[in-house]
>>> print(open('input_18.pdb').read())   # PDB, C-alpha atoms
MODEL        1
ATOM      1  CA  MET A 284     128.171  56.874 135.817
ATOM      2  CA  PRO A 285     131.024  54.660 134.606
ATOM      3  CA  ALA A 286     134.110  54.389 136.770
ATOM      4  CA  LEU A 287     137.327  55.967 135.604
ATOM      5  CA  ALA A 288     139.514  53.580 133.657
ATOM      6  CA  ARG A 289     143.120  53.416 134.795
ATOM      7  CA  VAL A 290     145.653  51.786 132.522
ATOM      8  CA  GLY A 291     149.384  51.528 132.057
ATOM      9  CA  LEU A 292     151.018  52.310 128.752
ATOM     10  CA  ALA A 293     151.164  48.686 127.630
ATOM     11  CA  ALA A 294     147.447  48.273 128.218
ATOM     12  CA  LEU A 295     146.804  51.614 126.583
ATOM     13  CA  LEU A 296     148.666  50.604 123.458
ATOM     14  CA  LEU A 297     146.664  47.400 123.245
ATOM     15  CA  SER A 298     143.270  48.855 124.083
ATOM     16  CA  LEU A 299     143.429  51.948 121.904
ATOM     17  CA  PRO A 300     143.880  50.824 118.303
ATOM     18  CA  LEU A 301     145.090  53.270 115.714
ATOM     19  CA  ALA A 302     142.380  55.517 114.323
ATOM     20  CA  CYS A 303     141.931  55.308 110.604
ATOM     21  CA  GLY A 304     142.116  58.169 108.169
ATOM     22  CA  LYS A 305     143.630  61.599 108.606
ATOM     23  CA  LYS A 306     145.285  62.481 111.899
ATOM     24  CA  ASP A 307     143.249  65.643 112.249
ATOM     25  CA  ALA A 308     139.923  63.792 112.046
ATOM     26  CA  PRO A 309     138.841  62.500 115.484
ATOM     27  CA  ALA A 310     137.630  58.908 115.623
ATOM     28  CA  GLU A 311     133.929  58.061 115.720
ATOM     29  CA  LYS A 312     132.300  58.414 119.131
ATOM     30  CA  PRO A 313     128.738  58.347 120.453
ATOM     31  CA  ALA A 314     126.911  61.650 120.023
ATOM     32  CA  GLY A 315     127.346  63.906 123.023
ATOM     33  CA  ALA A 316     129.931  61.712 124.725
ATOM     34  CA  LEU A 317     132.927  63.817 125.750
ATOM     35  CA  ARG A 318     136.028  61.714 126.273
ATOM     36  CA  VAL A 319     138.928  62.965 128.352
ATOM     37  CA  GLY A 320     142.344  61.380 128.811
ATOM     38  CA  MET A 321     144.672  62.314 131.670
ATOM     39  CA  VAL A 322     148.354  61.435 131.901
ATOM     40  CA  PHE A 323     149.903  61.842 135.346
ATOM     41  CA  ASP A 324     153.204  63.380 136.387
ATOM     42  CA  ILE A 325     156.106  61.968 138.413
ATOM     43  CA  GLY A 326     154.755  60.479 141.635
ATOM     44  CA  GLY A 327     151.523  59.422 139.963
ATOM     45  CA  LYS A 328     148.051  59.168 141.364
ATOM     46  CA  GLY A 329     148.058  58.600 145.086
ATOM     47  CA  ASP A 330     150.743  61.193 145.815
ATOM     48  CA  ARG A 331     148.259  63.042 148.080
ATOM     49  CA  SER A 332     149.444  66.232 146.418
ATOM     50  CA  PHE A 333     149.714  67.547 142.844
ATOM     51  CA  ASN A 334     148.527  64.529 140.844
ATOM     52  CA  ASP A 335     145.701  63.760 143.219
ATOM     53  CA  SER A 336     144.432  67.310 142.884
ATOM     54  CA  ALA A 337     144.294  66.933 139.096
ATOM     55  CA  PHE A 338     142.534  63.595 139.490
ATOM     56  CA  ARG A 339     139.858  65.137 141.709
ATOM     57  CA  GLY A 340     139.068  67.592 138.936
ATOM     58  CA  LEU A 341     138.701  64.711 136.495
ATOM     59  CA  GLN A 342     136.457  62.809 138.899
ATOM     60  CA  GLN A 343     134.290  65.889 139.379
ATOM     61  CA  ALA A 344     133.913  66.245 135.617
ATOM     62  CA  GLU A 345     132.883  62.625 135.299
ATOM     63  CA  ALA A 346     130.323  62.968 138.088
ATOM     64  CA  GLU A 347     128.875  66.359 137.151
ATOM     65  CA  LEU A 348     129.425  66.607 133.407
ATOM     66  CA  GLY A 349     128.997  62.989 132.379
ATOM     67  CA  VAL A 350     132.365  62.701 130.638
ATOM     68  CA  THR A 351     134.080  59.402 129.993
ATOM     69  CA  ALA A 352     137.638  59.421 131.311
ATOM     70  CA  VAL A 353     140.796  57.370 130.962
ATOM     71  CA  GLU A 354     143.907  58.015 133.055
ATOM     72  CA  PHE A 355     147.334  56.432 133.128
ATOM     73  CA  GLU A 356     150.827  56.913 134.487
ATOM     74  CA  PRO A 357     153.920  56.962 132.256
ATOM     75  CA  GLY A 358     156.556  54.494 133.368
ATOM     76  CA  GLN A 359     159.386  56.356 131.664
ATOM     77  CA  ASP A 360     159.995  59.589 129.777
ATOM     78  CA  SER A 361     159.243  58.145 126.339
ATOM     79  CA  ASP A 362     155.835  56.954 127.538
ATOM     80  CA  ARG A 363     154.566  60.523 127.764
ATOM     81  CA  GLU A 364     154.540  61.184 124.045
ATOM     82  CA  GLN A 365     153.449  57.654 123.157
ATOM     83  CA  GLY A 366     150.506  57.795 125.527
ATOM     84  CA  LEU A 367     149.396  61.236 124.373
ATOM     85  CA  ARG A 368     149.656  60.184 120.754
ATOM     86  CA  ARG A 369     147.604  57.009 121.232
ATOM     87  CA  LEU A 370     144.837  58.941 122.951
ATOM     88  CA  ALA A 371     144.818  61.454 120.109
ATOM     89  CA  GLU A 372     144.772  58.730 117.472
ATOM     90  CA  ARG A 373     141.789  57.159 119.210
ATOM     91  CA  GLY A 374     139.858  60.400 118.984
ATOM     92  CA  PHE A 375     139.739  61.627 122.565
ATOM     93  CA  ASP A 376     138.261  65.111 122.772
ATOM     94  CA  LEU A 377     140.591  66.476 125.445
ATOM     95  CA  ILE A 378     143.945  65.150 126.594
ATOM     96  CA  ILE A 379     145.508  66.561 129.752
ATOM     97  CA  GLY A 380     149.189  66.285 130.664
ATOM     98  CA  VAL A 381     149.735  66.845 134.375
ATOM     99  CA  GLY A 382     153.059  68.618 134.873
ATOM    100  CA  PHE A 383     155.590  70.808 133.106
ATOM    101  CA  LEU A 384     157.486  67.750 131.850
ATOM    102  CA  PHE A 385     154.752  67.286 129.229
ATOM    103  CA  ALA A 386     155.492  70.546 127.398
ATOM    104  CA  ASP A 387     157.606  69.121 124.574
ATOM    105  CA  SER A 388     155.434  66.035 124.102
ATOM    106  CA  ILE A 389     152.180  67.983 123.977
ATOM    107  CA  ASP A 390     153.696  70.507 121.591
ATOM    108  CA  LYS A 391     154.625  67.707 119.167
ATOM    109  CA  VAL A 392     151.387  65.749 119.407
ATOM    110  CA  ALA A 393     149.154  68.837 119.302
ATOM    111  CA  ALA A 394     150.858  69.891 116.070
ATOM    112  CA  ASP A 395     149.936  66.545 114.503
ATOM    113  CA  PHE A 396     146.345  66.627 115.794
ATOM    114  CA  PRO A 397     145.112  70.212 115.416
ATOM    115  CA  GLN A 398     141.463  69.223 115.913
ATOM    116  CA  THR A 399     142.150  67.538 119.247
ATOM    117  CA  HIS A 400     142.122  69.671 122.382
ATOM    118  CA  PHE A 401     144.997  69.478 124.852
ATOM    119  CA  ALA A 402     145.748  70.998 128.236
ATOM    120  CA  ILE A 403     148.980  71.073 130.184
ATOM    121  CA  VAL A 404     149.154  71.791 133.888
ATOM    122  CA  ASP A 405     152.146  73.881 135.005
ATOM    123  CA  GLY A 406     153.597  74.032 131.508
ATOM    124  CA  ARG A 407     153.529  76.560 128.701
ATOM    125  CA  VAL A 408     153.017  75.565 125.065
ATOM    126  CA  GLU A 409     153.199  78.508 122.673
ATOM    127  CA  GLY A 410     151.522  78.959 119.319
ATOM    128  CA  ARG A 411     149.054  76.067 119.516
ATOM    129  CA  PRO A 412     145.416  77.223 119.523
ATOM    130  CA  ASN A 413     144.338  73.720 120.535
ATOM    131  CA  VAL A 414     146.462  73.749 123.715
ATOM    132  CA  ALA A 415     145.441  75.386 126.996
ATOM    133  CA  SER A 416     148.379  76.081 129.318
ATOM    134  CA  LEU A 417     147.096  76.035 132.898
ATOM    135  CA  LEU A 418     149.450  78.040 135.106
ATOM    136  CA  PHE A 419     149.262  79.201 138.705
ATOM    137  CA  ARG A 420     150.551  82.119 140.723
ATOM    138  CA  GLU A 421     152.162  79.861 143.303
ATOM    139  CA  GLU A 422     154.020  82.770 144.844
ATOM    140  CA  GLU A 423     150.761  84.329 146.041
ATOM    141  CA  GLY A 424     149.616  81.356 148.092
ATOM    142  CA  SER A 425     153.173  80.774 149.284
ATOM    143  CA  PHE A 426     153.316  84.370 150.525
ATOM    144  CA  LEU A 427     150.381  83.657 152.819
ATOM    145  CA  VAL A 428     151.857  80.487 154.312
ATOM    146  CA  GLY A 429     155.214  82.236 154.659
ATOM    147  CA  ALA A 430     153.541  84.900 156.760
ATOM    148  CA  LEU A 431     151.827  82.226 158.852
ATOM    149  CA  ALA A 432     155.111  80.371 159.286
ATOM    150  CA  ALA A 433     156.967  83.464 160.491
ATOM    151  CA  LEU A 434     154.205  84.412 162.927
ATOM    152  CA  THR A 435     154.044  80.858 164.296
ATOM    153  CA  SER A 436     157.785  80.214 164.609
ATOM    154  CA  GLN A 437     159.223  80.412 168.108
ATOM    155  CA  THR A 438     162.845  80.206 166.976
ATOM    156  CA  GLY A 439     162.765  82.789 164.209
ATOM    157  CA  THR A 440     164.048  80.135 161.781
ATOM    158  CA  ILE A 441     161.869  78.438 159.182
ATOM    159  CA  GLY A 442     162.629  75.967 156.399
ATOM    160  CA  PHE A 443     161.745  75.294 152.778
ATOM    161  CA  VAL A 444     162.231  71.971 150.982
ATOM    162  CA  GLY A 445     161.791  71.968 147.224
ATOM    163  CA  GLY A 446     161.642  69.000 144.903
ATOM    164  CA  MET A 447     163.357  69.588 141.561
ATOM    165  CA  GLU A 448     165.318  72.837 141.502
ATOM    166  CA  VAL A 449     163.523  74.591 138.644
ATOM    167  CA  ALA A 450     161.908  77.997 138.131
ATOM    168  CA  LEU A 451     158.449  76.658 138.999
ATOM    169  CA  ILE A 452     159.489  75.547 142.484
ATOM    170  CA  LYS A 453     161.574  78.677 142.947
ATOM    171  CA  ARG A 454     158.292  80.613 142.789
ATOM    172  CA  PHE A 455     157.072  78.787 145.888
ATOM    173  CA  GLU A 456     160.330  79.628 147.632
ATOM    174  CA  ALA A 457     160.215  83.288 146.582
ATOM    175  CA  GLY A 458     156.670  83.808 147.814
ATOM    176  CA  TYR A 459     157.330  81.967 151.070
ATOM    177  CA  ARG A 460     160.409  84.053 151.765
ATOM    178  CA  ALA A 461     158.638  87.317 150.934
ATOM    179  CA  GLY A 462     155.665  86.498 153.150
ATOM    180  CA  ALA A 463     157.847  85.600 156.105
ATOM    181  CA  LEU A 464     160.033  88.696 155.821
ATOM    182  CA  ALA A 465     157.044  90.982 155.322
ATOM    183  CA  LEU A 466     155.702  90.039 158.746
ATOM    184  CA  ARG A 467     158.963  89.392 160.586
ATOM    185  CA  PRO A 468     161.997  90.843 158.774
ATOM    186  CA  ALA A 469     164.481  89.092 161.065
ATOM    187  CA  THR A 470     163.235  85.623 160.074
ATOM    188  CA  LYS A 471     165.957  83.224 158.919
ATOM    189  CA  LEU A 472     165.051  80.912 156.036
ATOM    190  CA  LEU A 473     166.841  77.613 155.416
ATOM    191  CA  VAL A 474     166.443  76.215 151.890
ATOM    192  CA  GLY A 475     167.124  72.783 150.429
ATOM    193  CA  TYR A 476     166.270  71.005 147.171
ATOM    194  CA  ALA A 477     166.018  67.272 146.637
ATOM    195  CA  GLY A 478     167.726  67.326 143.231
ATOM    196  CA  VAL A 479     167.826  68.554 139.665
ATOM    197  CA  THR A 480     165.994  65.700 137.919
ATOM    198  CA  PRO A 481     162.289  64.769 137.949
ATOM    199  CA  SER A 482     162.951  61.998 140.480
ATOM    200  CA  ALA A 483     163.435  64.767 143.050
ATOM    201  CA  PHE A 484     159.642  64.909 143.306
ATOM    202  CA  ALA A 485     159.405  61.262 144.376
ATOM    203  CA  ASP A 486     162.021  60.765 147.098
ATOM    204  CA  PRO A 487     160.488  60.945 150.593
ATOM    205  CA  VAL A 488     163.704  59.644 152.152
ATOM    206  CA  LYS A 489     165.588  62.644 150.781
ATOM    207  CA  GLY A 490     162.766  64.934 151.861
ATOM    208  CA  LYS A 491     162.999  63.671 155.420
ATOM    209  CA  GLU A 492     166.773  64.034 155.389
ATOM    210  CA  LEU A 493     166.574  67.660 154.245
ATOM    211  CA  ALA A 494     163.882  68.502 156.774
ATOM    212  CA  LEU A 495     165.767  66.899 159.656
ATOM    213  CA  SER A 496     168.839  68.923 158.718
ATOM    214  CA  GLN A 497     166.851  72.157 158.789
ATOM    215  CA  ILE A 498     165.125  71.224 162.035
ATOM    216  CA  GLY A 499     168.522  70.463 163.526
ATOM    217  CA  ARG A 500     169.595  74.005 162.655
ATOM    218  CA  GLY A 501     166.631  75.550 164.400
ATOM    219  CA  ALA A 502     163.759  75.508 161.911
ATOM    220  CA  ASP A 503     160.466  74.904 163.679
ATOM    221  CA  VAL A 504     158.230  75.341 160.614
ATOM    222  CA  VAL A 505     159.126  73.640 157.299
ATOM    223  CA  PHE A 506     157.202  74.200 154.049
ATOM    224  CA  HIS A 507     157.615  71.734 151.218
ATOM    225  CA  ALA A 508     156.917  72.053 147.507
ATOM    226  CA  ALA A 509     158.162  68.633 146.575
ATOM    227  CA  GLY A 510     155.464  66.146 145.588
ATOM    228  CA  THR A 511     155.807  62.815 147.390
ATOM    229  CA  THR A 512     159.262  63.904 148.545
ATOM    230  CA  GLY A 513     157.331  66.180 150.875
ATOM    231  CA  ASN A 514     155.805  63.191 152.648
ATOM    232  CA  GLY A 515     159.208  62.759 154.253
ATOM    233  CA  VAL A 516     159.189  66.395 155.337
ATOM    234  CA  ILE A 517     155.872  65.926 157.129
ATOM    235  CA  GLU A 518     157.139  62.737 158.762
ATOM    236  CA  ALA A 519     160.272  64.505 160.016
ATOM    237  CA  ALA A 520     158.233  67.374 161.444
ATOM    238  CA  ARG A 521     155.893  64.983 163.212
ATOM    239  CA  GLU A 522     158.777  63.048 164.751
ATOM    240  CA  LYS A 523     160.559  66.185 165.944
ATOM    241  CA  GLY A 524     157.499  68.002 167.241
ATOM    242  CA  VAL A 525     157.667  70.968 164.866
ATOM    243  CA  PHE A 526     155.310  72.223 162.187
ATOM    244  CA  ALA A 527     155.166  71.310 158.513
ATOM    245  CA  ILE A 528     153.261  73.094 155.760
ATOM    246  CA  GLY A 529     151.772  70.959 153.001
ATOM    247  CA  VAL A 530     151.379  71.787 149.336
ATOM    248  CA  ASP A 531     149.091  71.459 146.301
ATOM    249  CA  SER A 532     146.380  69.369 147.978
ATOM    250  CA  ASN A 533     145.086  69.955 151.489
ATOM    251  CA  GLN A 534     147.538  67.799 153.450
ATOM    252  CA  ASN A 535     146.360  68.829 156.915
ATOM    253  CA  HIS A 536     144.894  65.378 157.519
ATOM    254  CA  MET A 537     148.235  63.652 156.962
ATOM    255  CA  ALA A 538     149.471  64.690 160.412
ATOM    256  CA  PRO A 539     146.883  66.633 162.426
ATOM    257  CA  GLY A 540     148.601  68.883 164.937
ATOM    258  CA  THR A 541     151.785  68.857 162.867
ATOM    259  CA  VAL A 542     150.646  70.298 159.545
ATOM    260  CA  LEU A 543     150.106  73.977 160.296
ATOM    261  CA  THR A 544     148.332  74.516 156.973
ATOM    262  CA  SER A 545     148.741  73.667 153.294
ATOM    263  CA  MET A 546     149.372  75.943 150.340
ATOM    264  CA  GLU A 547     146.586  74.635 148.184
ATOM    265  CA  LYS A 548     147.118  74.822 144.454
ATOM    266  CA  ARG A 549     143.702  74.085 143.035
ATOM    267  CA  VAL A 550     144.668  72.018 140.025
ATOM    268  CA  ASP A 551     141.308  70.305 140.439
ATOM    269  CA  ARG A 552     139.466  73.554 139.748
ATOM    270  CA  ALA A 553     141.591  74.316 136.692
ATOM    271  CA  VAL A 554     141.073  70.821 135.277
ATOM    272  CA  PHE A 555     137.324  70.880 135.877
ATOM    273  CA  ALA A 556     136.976  74.391 134.424
ATOM    274  CA  THR A 557     138.844  73.341 131.279
ATOM    275  CA  ILE A 558     136.689  70.256 130.750
ATOM    276  CA  ARG A 559     133.507  72.237 131.367
ATOM    277  CA  ALA A 560     134.612  74.944 128.935
ATOM    278  CA  LEU A 561     135.099  72.336 126.211
ATOM    279  CA  LYS A 562     131.728  70.748 126.927
ATOM    280  CA  GLU A 563     130.070  74.171 126.676
ATOM    281  CA  GLY A 564     131.941  75.118 123.504
ATOM    282  CA  ARG A 565     134.121  77.707 125.242
ATOM    283  CA  PHE A 566     137.524  76.004 125.124
ATOM    284  CA  ALA A 567     140.302  78.544 124.626
ATOM    285  CA  GLY A 568     143.915  77.792 123.839
ATOM    286  CA  GLY A 569     146.764  79.820 125.276
ATOM    287  CA  VAL A 570     147.830  80.667 128.804
ATOM    288  CA  GLN A 571     145.302  80.690 131.634
ATOM    289  CA  GLU A 572     146.529  81.785 135.067
ATOM    290  CA  PHE A 573     144.943  80.896 138.388
ATOM    291  CA  GLY A 574     145.764  82.965 141.465
ATOM    292  CA  LEU A 575     144.215  84.171 144.691
ATOM    293  CA  ASP A 576     141.664  86.192 142.741
ATOM    294  CA  THR A 577     140.201  83.081 141.099
ATOM    295  CA  GLY A 578     140.586  80.719 144.044
ATOM    296  CA  GLY A 579     143.434  78.977 142.248
ATOM    297  CA  VAL A 580     145.759  79.137 145.264
ATOM    298  CA  GLY A 581     145.308  79.756 148.977
ATOM    299  CA  TYR A 582     145.881  78.340 152.437
ATOM    300  CA  SER A 583     143.839  75.499 153.911
ATOM    301  CA  LEU A 584     141.737  75.626 157.041
ATOM    302  CA  ASP A 585     139.738  72.669 158.324
ATOM    303  CA  GLU A 586     139.058  70.616 161.421
ATOM    304  CA  HIS A 587     142.613  69.261 161.394
ATOM    305  CA  ASN A 588     144.334  72.633 161.845
ATOM    306  CA  ALA A 589     141.644  74.971 163.161
ATOM    307  CA  ALA A 590     143.195  74.879 166.629
ATOM    308  CA  LEU A 591     146.609  75.809 165.203
ATOM    309  CA  LEU A 592     145.525  78.833 163.183
ATOM    310  CA  THR A 593     144.209  81.328 165.703
ATOM    311  CA  PRO A 594     141.638  83.934 164.671
ATOM    312  CA  ALA A 595     144.440  86.512 164.645
ATOM    313  CA  LEU A 596     146.540  84.409 162.273
ATOM    314  CA  ARG A 597     143.596  83.833 159.959
ATOM    315  CA  ALA A 598     142.726  87.518 159.952
ATOM    316  CA  THR A 599     146.297  88.407 159.021
ATOM    317  CA  ALA A 600     146.411  85.888 156.174
ATOM    318  CA  ASP A 601     143.021  86.984 154.868
ATOM    319  CA  SER A 602     144.026  90.650 155.010
ATOM    320  CA  LEU A 603     147.213  89.934 153.066
ATOM    321  CA  ALA A 604     145.223  87.961 150.487
ATOM    322  CA  ALA A 605     142.863  90.902 150.025
ATOM    323  CA  GLU A 606     145.811  93.251 149.498
ATOM    324  CA  ILE A 607     147.295  90.945 146.861
ATOM    325  CA  ILE A 608     143.980  90.555 145.043
ATOM    326  CA  ALA A 609     143.483  94.333 145.040
ATOM    327  CA  GLY A 610     146.921  94.833 143.514
ATOM    328  CA  ARG A 611     148.226  96.817 146.469
ATOM    329  CA  LEU A 612     150.729  94.114 147.392
ATOM    330  CA  ARG A 613     153.015  92.653 144.740
ATOM    331  CA  VAL A 614     154.586  89.279 145.418
ATOM    332  CA  PRO A 615     157.977  88.482 143.827
ATOM    333  CA  ARG A 616     158.235  85.403 141.623
ATOM    334  CA  GLU A 617     161.962  84.940 142.061
TER     335      GLU A 617
ENDMDL
END
>>> encode(input="input_18.pdb", output="structure tokens")
Amino acid sequence: MPALARVGLAALLLSLPLACGKKDAPAEKPAGALRVGMVFDIGGKGDRSFNDSAFRGLQQAEAELGVTAVEFEPGQDSDREQGLRRLAERGFDLIIGVGFLFADSIDKVAADFPQTHFAIVDGRVEGRPNVASLLFREEEGSFLVGALAALTSQTGTIGFVGGMEVALIKRFEAGYRAGALALRPATKLLVGYAGVTPSAFADPVKGKELALSQIGRGADVVFHAAGTTGNGVIEAAREKGVFAIGVDSNQNHMAPGTVLTSMEKRVDRAVFATIRALKEGRFAGGVQEFGLDTGGVGYSLDEHNAALLTPALRATADSLAAEIIAGRLRVPRE
């Protein structure tokens, strides 16, 4: 199986010549060869969180479905549209933008290439039958880790560090708060955001600063939804001897004994399912949501945190998950 090709925009522009003919006619490709392009979000591959989860889905598709894949990281905002457009001009079958920042770019490029399939993770593109919008019910998984945080806390104070202050990250906060208060109504929640621009997802120094501030005010469990900014949160928790909660990918291994659990957002499953659907002729545009009921979100349990999550804690989290899936427990999104 060929290895994934990773290129920057400059290399992409050189290696993917313009396709000839009409824009809505994909370029020639070997029969049966499905080609998938992935463009990463802020933080890029190697963030041990959101982007890496998407990449795992792409790797799985290459290994199990035999697809040929190209992935690259935009160096600046304008690179997003340019990269998407070059992949479309070259006749890629499916082009995936990882992150809500791709919404405008995918909307524009998908309009120009109606026979090319696109997917956006965490973003919504309306009115394009060739675009699948892959969304998650982050509040559901966050509710579970909020409950675990409240039950674990010895001080009655827990923290939340968000990356960019946008509605998406507010859903993590809302679910976390609701889960904590549902189990222990007297819980105090401290909240901080790293900023209001995309760079807020790639600032571990700021993440550590925010976490240390919350820890200094009594928080002994801090949940982050902040991309690589959250690496600083985990570092602060480790240094101060309190618990952190990871996000998106299973981050338990980053600091065993410190990371209580991780709110896993299974971008990998959504990416793989989308690629498989296209390969099997079942690709569907429009919004697709992944929640607890589909295994799209949840809390992580492995050898790195098994000693931290007692059987009683696990039973509580699993019971709450069952209530949410059954529709008997509604989790707020804001």
>>> closest_atom_pairs(input="input_18.pdb", of="range 340-407 of chain A", to="range 451-460 of chain A", cutoff="12 Å", atoms="all atoms listed in the file", output="CSV")
residue,atom,partner,partner_atom,distance
A:Gly382,CA,A:Leu451,CA,10.5
A:Phe383,CA,A:Leu451,CA,8.8
A:Leu384,CA,A:Leu451,CA,11.5
A:Val404,CA,A:Leu451,CA,11.7
A:Asp405,CA,A:Leu451,CA,8.0
A:Gly406,CA,A:Leu451,CA,9.3
A:Arg407,CA,A:Leu451,CA,11.4
>>> resolve_selection(input="input_18.pdb", expression="the PyMOL selection byres ((chain A and resi 482) around 10)", output="short mmCIF file (atom, residue, chain, number, x, y, z; two decimals) with C-alpha atoms, keeping the file's coordinate frame")
data_model
loop_
_atom_site.label_atom_id
_atom_site.label_comp_id
_atom_site.auth_asym_id
_atom_site.auth_seq_id
_atom_site.Cartn_x
_atom_site.Cartn_y
_atom_site.Cartn_z
CA ILE A 325 156.11 61.97 138.41
CA GLY A 326 154.76 60.48 141.64
CA GLY A 446 161.64 69.00 144.90
CA MET A 447 163.36 69.59 141.56
CA ALA A 477 166.02 67.27 146.64
CA GLY A 478 167.73 67.33 143.23
CA VAL A 479 167.83 68.55 139.66
CA THR A 480 165.99 65.70 137.92
CA PRO A 481 162.29 64.77 137.95
CA ALA A 483 163.44 64.77 143.05
CA PHE A 484 159.64 64.91 143.31
CA ALA A 485 159.40 61.26 144.38
CA ASP A 486 162.02 60.76 147.10
CA GLY A 510 155.46 66.15 145.59
CA THR A 511 155.81 62.82 147.39
CA THR A 512 159.26 63.90 148.54
#
>>> residues_around(input="input_18.pdb", residues="Ala560 in chain A", least_positions_apart="4", cutoff="12 Å", atoms="all atoms listed in the file", output="PyMOL selection string")
chain A and resi 317+344+348+377+400+402+415+552-556+564-568
>>> closest_residue(input="input_18.pdb", among="A:Ser496, A:Thr557, A:Ser332, A:Ser416", to="Ile441 in chain A", atoms="all atoms listed in the file")
A:Ser496
>>> atom_distance(input="input_18.pdb", atom1="CA of Gln437 in chain A", atom2="CA of Ala509 in chain A")
24.6 Å
>>> resolve_selection(input="input_18.pdb", expression="the PyMOL selection byres ((chain A and resi 604) around 12)", output="ChimeraX atom specification")
/A:422-428,430,462,574-578,580-582,597-603,605-614
>>> closest_residue(input="input_18.pdb", among="A:Leu341, A:Glu409, A:Leu561, A:Glu518", to="Asp376 in chain A", atoms="only C-alpha atoms")
A:Leu561
>>> atom_distance(input="input_18.pdb", atom1="CA of Gly340 in chain A", atom2="CA of Val550 in chain A")
7.2 Å
>>> atom_distance(input="input_18.pdb", atom1="CA of Ala589 in chain A", atom2="CA of Leu434 in chain A")
15.7 Å
>>> closest_residue(input="input_18.pdb", among="A:Ser361, A:Asn413, A:Ser532, A:Thr470", to="Gly429 in chain A", atoms="all atoms listed in the file")
A:Thr470
>>> closest_residue(input="input_18.pdb", among="A:Phe443, A:Phe401, A:Phe573, A:Phe419", to="Ile517 in chain A", atoms="all atoms listed in the file")
A:Phe443
>>> residues_near_point(input="input_18.pdb", point="(162.5, 77.0, 155.4)", cutoff="6 Å", atoms="all atoms listed in the file", output="list of chain:residue names")
A:Ile441, A:Gly442, A:Phe443, A:Leu472, A:Leu473, A:Val474, A:Val505
>>> closest_residue(input="input_18.pdb", among="A:Asp503, A:Glu364, A:Glu345, A:Asp395", to="Ala432 in chain A", atoms="only C-alpha atoms")
A:Asp503
>>> residues_around(input="input_18.pdb", residues="Val408 in chain A", least_positions_apart="4", cutoff="10 Å", atoms="all atoms listed in the file", output="NGL selection string")
:A and (383 or 385-391 or 393 or 402-403 or 412-417 or 568-570)
>>> axis_aligned_box(input="input_18.pdb", around="range 510-528 of chain A", padding_each_side="3 Å", output="lines of an AutoDock Vina configuration file")
center_x = 156.9
center_y = 67.9
center_z = 156.4
size_x = 13.3
size_y = 16.4
size_z = 27.7
>>> closest_residue(input="input_18.pdb", among="A:Arg559, A:Arg549, A:Arg339, A:Arg369", to="Arg420 in chain A", atoms="all atoms listed in the file")
A:Arg549
>>> residues_around(input="input_18.pdb", residues="Gly320 in chain A", least_positions_apart="5", cutoff="6 Å", atoms="only C-alpha atoms", output="VMD selection string")
chain A and resid 352 to 354 378
>>> build_atoms(input="input_18.pdb", residues="range 453-464 of chain A", atoms="N, CA and C atoms", output="PDB file, in the frame of the given file")
ATOM      1  N   LYS A 453     160.980  77.449 142.416  1.00  0.00           N
ATOM      2  CA  LYS A 453     161.574  78.677 142.947  1.00  0.00           C
ATOM      3  C   LYS A 453     160.497  79.723 143.243  1.00  0.00           C
ATOM      4  N   ARG A 454     159.377  79.667 142.519  1.00  0.00           N
ATOM      5  CA  ARG A 454     158.292  80.613 142.789  1.00  0.00           C
ATOM      6  C   ARG A 454     157.676  80.365 144.168  1.00  0.00           C
ATOM      7  N   PHE A 455     157.546  79.097 144.538  1.00  0.00           N
ATOM      8  CA  PHE A 455     157.072  78.787 145.888  1.00  0.00           C
ATOM      9  C   PHE A 455     158.034  79.379 146.922  1.00  0.00           C
ATOM     10  N   GLU A 456     159.315  79.134 146.700  1.00  0.00           N
ATOM     11  CA  GLU A 456     160.330  79.628 147.632  1.00  0.00           C
ATOM     12  C   GLU A 456     160.289  81.148 147.745  1.00  0.00           C
ATOM     13  N   ALA A 457     160.199  81.822 146.590  1.00  0.00           N
ATOM     14  CA  ALA A 457     160.215  83.288 146.582  1.00  0.00           C
ATOM     15  C   ALA A 457     159.027  83.860 147.343  1.00  0.00           C
ATOM     16  N   GLY A 458     157.850  83.317 147.113  1.00  0.00           N
ATOM     17  CA  GLY A 458     156.670  83.808 147.814  1.00  0.00           C
ATOM     18  C   GLY A 458     156.735  83.536 149.302  1.00  0.00           C
ATOM     19  N   TYR A 459     157.198  82.353 149.659  1.00  0.00           N
ATOM     20  CA  TYR A 459     157.330  81.967 151.070  1.00  0.00           C
ATOM     21  C   TYR A 459     158.286  82.907 151.798  1.00  0.00           C
ATOM     22  N   ARG A 460     159.420  83.154 151.178  1.00  0.00           N
ATOM     23  CA  ARG A 460     160.409  84.053 151.765  1.00  0.00           C
ATOM     24  C   ARG A 460     159.827  85.461 151.947  1.00  0.00           C
ATOM     25  N   ALA A 461     159.184  85.959 150.889  1.00  0.00           N
ATOM     26  CA  ALA A 461     158.638  87.317 150.934  1.00  0.00           C
ATOM     27  C   ALA A 461     157.570  87.453 152.012  1.00  0.00           C
ATOM     28  N   GLY A 462     156.712  86.445 152.139  1.00  0.00           N
ATOM     29  CA  GLY A 462     155.665  86.498 153.150  1.00  0.00           C
ATOM     30  C   GLY A 462     156.221  86.497 154.558  1.00  0.00           C
ATOM     31  N   ALA A 463     157.232  85.665 154.778  1.00  0.00           N
ATOM     32  CA  ALA A 463     157.847  85.600 156.105  1.00  0.00           C
ATOM     33  C   ALA A 463     158.517  86.920 156.469  1.00  0.00           C
ATOM     34  N   LEU A 464     159.292  87.466 155.542  1.00  0.00           N
ATOM     35  CA  LEU A 464     160.033  88.696 155.821  1.00  0.00           C
ATOM     36  C   LEU A 464     159.121  89.908 155.923  1.00  0.00           C
TER      37      LEU A 464
END
